[in-house]
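Here's the structure, in structure tokens; my notes come after.
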Amino acid sequence: MTDSVVLTAPASSASPVPAALLSPTARTTHKRARHHGVAERAALVDVLQSAKLCHMGVTVGGVPMVFPTAYGFDLDGPDRGGSIYVHGSVASRSLAPDNEICITITILDGLVLARSGFHHSMNYRSGIVVGSPRVVTDGDERVKALNLIVDQVVPGRSQHLRDHTRKEMAATAVLALPLYEASVKARTGGPGDDAADIGIETVWAGVVPAATHFGEPIPSEDLDSGVALPDHISTML
């Protein structure tokens, strides 16, 4: 199953690394199942591009909490290594964390079914980004971040929408997290059964591929019948 990264040392221990590699800080160094670790930053970009949802881990009032949320990212953003953005209500306590946060993104690629329960696993791609969040206050960056979040869910969607209103912007908080301190793990392939179990053909073993599929769009009940399904939605199907 997916192994977590052990967080130990502060981010200040980070050392400069080539842009093509992930940051090898103590907090993002794999402690278990290192053979699943991926050092290239391109693997993090693949995870960011492939998912629609992330989970944000925060501490609020001394209590650890994890929230599912949409996200957007900008590899050329103003933060070190680029920026990943999340948003929510200005009244949300999760967007005013006590200290550092963690954002995790996981894509399930397959169910790995072995001949024993012990060797069952999953094929996956998973990225973890940790660090100190920044409240985005610049008006242009806030608009760009919100559009990136919309476009992460449906690519190209934001350019078809009306502009954000002042009221909407005033009610929305945006956080940015540097993409510098990150870790990626991935698993591919079939089950790793014990040699003694192979040949017991009463038990099926292999991989059941998994992927996200979108169904036939259902128009809003109050949508004018003359509005056709746009290409940026139909291309997702």
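Just so we're on the same page: first chain in the structure tokens is A, next is B, and so on; residues restart at 1 for each chain, and ligands are numbered from 1 in the order they show up.
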
Do you know which residues are at most 12 Å from His35 of chain A counting only C-alpha atoms, after dropping those on the same chain fewer than 4 positions away, and could you put them as a PyMOL selection string? chain A and resi 3+29-31+39+184-188

Nearby residues (only C-alpha atoms) at most 6 Å from segment 148-152 of chain A, same-chain spacing under 3 positions excluded, as an MDAnalysis selection string: chainID A and resid 71:72 145 155:157

Ile198 of chain A: which residues within 10 Å, counting only C-alpha atoms, same-chain residues fewer than 5 positions away excluded, as a ChimeraX atom specification? /A:114-115,192-193,203,205

List the neighbours of Ala176 of chain A out to 9 Å using only C-alpha atoms; skip same-chain residues closer than 6 positions along the sequence, and give me the result as a PyMOL selection string. chain A and resi 73+79+83-87+132-136+145

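Considering only C-alpha atoms, the residue among A:Val174, A:Ala26, A:Ile128, A:Leu108 positioned nearest to Ala70 of chain A is A:Val174.
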
List the neighbours of Pro97 of chain A out to 8 Å using only C-alpha atoms; skip same-chain residues closer than 4 positions along the sequence, and give me the result as a VMD selection string. chain A and resid 58 to 60 93 101

Would you mind exporting N, CA and C atoms of the selected residues as a short mmCIF file (atom, residue, chain, number, x, y, z; two decimals), in the first residue's frame?
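Output file result_8.cif follows:
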```cif
data_model
loop_
_atom_site.label_atom_id
_atom_site.label_comp_id
_atom_site.auth_asym_id
_atom_site.auth_seq_id
_atom_site.Cartn_x
_atom_site.Cartn_y
_atom_site.Cartn_z
N VAL A 58 -3.74 20.05 8.00
CA VAL A 58 -3.45 21.25 8.77
C VAL A 58 -3.64 20.96 10.26
N THR A 59 -3.11 21.83 11.08
CA THR A 59 -3.37 21.79 12.51
C THR A 59 -4.13 23.04 12.88
N VAL A 60 -5.33 22.86 13.43
CA VAL A 60 -6.19 23.98 13.80
C VAL A 60 -6.56 23.83 15.26
N ARG A 93 -11.50 27.86 9.10
CA ARG A 93 -10.37 27.71 10.01
C ARG A 93 -9.23 26.92 9.37
N ILE A 101 1.69 23.26 6.68
CA ILE A 101 0.65 22.38 6.16
C ILE A 101 1.28 21.34 5.24
#
```

So which residues of segment 2-154 of chain A fall under strand (DSSP E or B) by DSSP, listed as a PyMOL selection string? chain A and resi 21+37-38+40+54-60+63-69+72-74+83-89+101-113+121-131+134-135

Using only C-alpha atoms, the shortest atom-to-atom distance to Ala196 of chain A among A:Tyr180, A:Pro217, A:Val208, A:Ser116 belongs to A:Ser116

Atom pair atom CA of Val154 of chain A / atom CA of Glu216 of chain A: separation (Å): 14.7 Å

Just the residues within 12 Å of Asp140 of chain A, please, counting only C-alpha atoms, with nothing from its chain fewer than 5 positions along; format it as JSON, numbers by chain. {"A": [145, 146, 147, 164, 169]}

List the neighbours of Val112 of chain A out to 7 Å using only C-alpha atoms; skip same-chain residues closer than 5 positions along the sequence, and give me the result as a ChimeraX atom specification. /A:120-123,190-191,206-208

How would the residues just chosen look if you wrote them out with all heavy atoms as a compact mmCIF listing (two decimals), in the first residue's frame?
```txt
# COMPACT_ATOMS: atom_id res chain seq x y z
N HIS A 120 -1.19 -8.08 -1.15
CA HIS A 120 -2.08 -7.20 -1.90
C HIS A 120 -1.54 -5.77 -1.84
O HIS A 120 -0.98 -5.34 -0.83
CB HIS A 120 -3.50 -7.24 -1.33
CG HIS A 120 -4.33 -8.34 -1.89
ND1 HIS A 120 -4.01 -9.65 -1.73
CD2 HIS A 120 -5.47 -8.31 -2.63
CE1 HIS A 120 -4.92 -10.42 -2.33
NE2 HIS A 120 -5.81 -9.62 -2.89
N SER A 121 -1.71 -5.04 -2.92
CA SER A 121 -1.20 -3.67 -2.96
C SER A 121 -2.01 -2.86 -3.97
O SER A 121 -3.09 -3.29 -4.40
CB SER A 121 0.29 -3.67 -3.34
OG SER A 121 0.84 -2.38 -3.22
N MET A 122 -1.50 -1.70 -4.32
CA MET A 122 -2.12 -0.84 -5.33
C MET A 122 -1.02 -0.24 -6.18
O MET A 122 0.08 0.04 -5.70
CB MET A 122 -2.92 0.29 -4.68
CG MET A 122 -4.08 -0.16 -3.83
SD MET A 122 -4.99 1.26 -3.17
CE MET A 122 -6.10 0.41 -2.03
N ASN A 123 -1.30 -0.04 -7.45
CA ASN A 123 -0.45 0.76 -8.30
C ASN A 123 -0.94 2.20 -8.21
O ASN A 123 -2.14 2.46 -8.34
CB ASN A 123 -0.48 0.27 -9.74
CG ASN A 123 0.30 -1.02 -9.92
OD1 ASN A 123 1.17 -1.35 -9.11
ND2 ASN A 123 -0.02 -1.78 -10.96
N GLY A 190 2.96 -6.03 -11.28
CA GLY A 190 2.07 -7.02 -10.69
C GLY A 190 2.40 -7.34 -9.25
O GLY A 190 3.24 -6.69 -8.63
N PRO A 191 1.74 -8.35 -8.70
CA PRO A 191 1.94 -8.71 -7.30
C PRO A 191 3.31 -9.33 -7.07
O PRO A 191 3.89 -9.96 -7.96
CB PRO A 191 0.82 -9.71 -7.02
CG PRO A 191 0.48 -10.29 -8.36
CD PRO A 191 0.70 -9.18 -9.34
N GLY A 206 -3.13 -10.85 -10.13
CA GLY A 206 -2.88 -9.92 -11.23
C GLY A 206 -3.24 -8.51 -10.84
O GLY A 206 -3.31 -8.16 -9.66
N VAL A 207 -3.48 -7.69 -11.85
CA VAL A 207 -3.76 -6.27 -11.65
C VAL A 207 -5.10 -5.91 -12.29
O VAL A 207 -5.38 -6.31 -13.43
CB VAL A 207 -2.65 -5.39 -12.26
CG1 VAL A 207 -3.00 -3.90 -12.13
CG2 VAL A 207 -1.31 -5.68 -11.60
N VAL A 208 -5.92 -5.19 -11.56
CA VAL A 208 -7.16 -4.63 -12.10
C VAL A 208 -6.90 -3.14 -12.33
O VAL A 208 -6.81 -2.37 -11.37
CB VAL A 208 -8.34 -4.82 -11.13
CG1 VAL A 208 -9.60 -4.21 -11.72
CG2 VAL A 208 -8.55 -6.29 -10.80
```

Please give the complete set of residues from segment 15-70 of chain A that DSSP, run on the backbone, assigns to helix (DSSP H, G or I), formatted as a count of residues only. 16

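Among A:Leu21, A:Leu113, A:Leu161, A:Ser225, the residue with the shortest atom-to-atom distance to Trp204 of chain A, counting only C-alpha atoms, is A:Leu113.
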
Go ahead and compute the interatomic distance for atom CA of Val129 of chain A and atom CA of Leu177 of chain A, in Å to one decimal. 8.0 Å

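Proximity of A:Ala91, A:Ala195, A:Met65, A:Ile103 to Pro178 of chain A, computed with only C-alpha atoms, is greatest for A:Ile103.
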
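Picture a line from atom CA of His160 of chain A to atom CA of Leu53 of chain A; it runs 21.7 Å.
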
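Compared by their closest atoms to Ala170 of chain A, and using only C-alpha atoms, the residues A:Pro219, A:Gly139, A:Pro24, A:Gly110 rank with A:Gly139 nearest.
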
Between A:Thr69, A:Thr25, A:Pro78, A:Ala182, single out the one closest to Val38 of chain A, counting only C-alpha atoms. A:Ala182
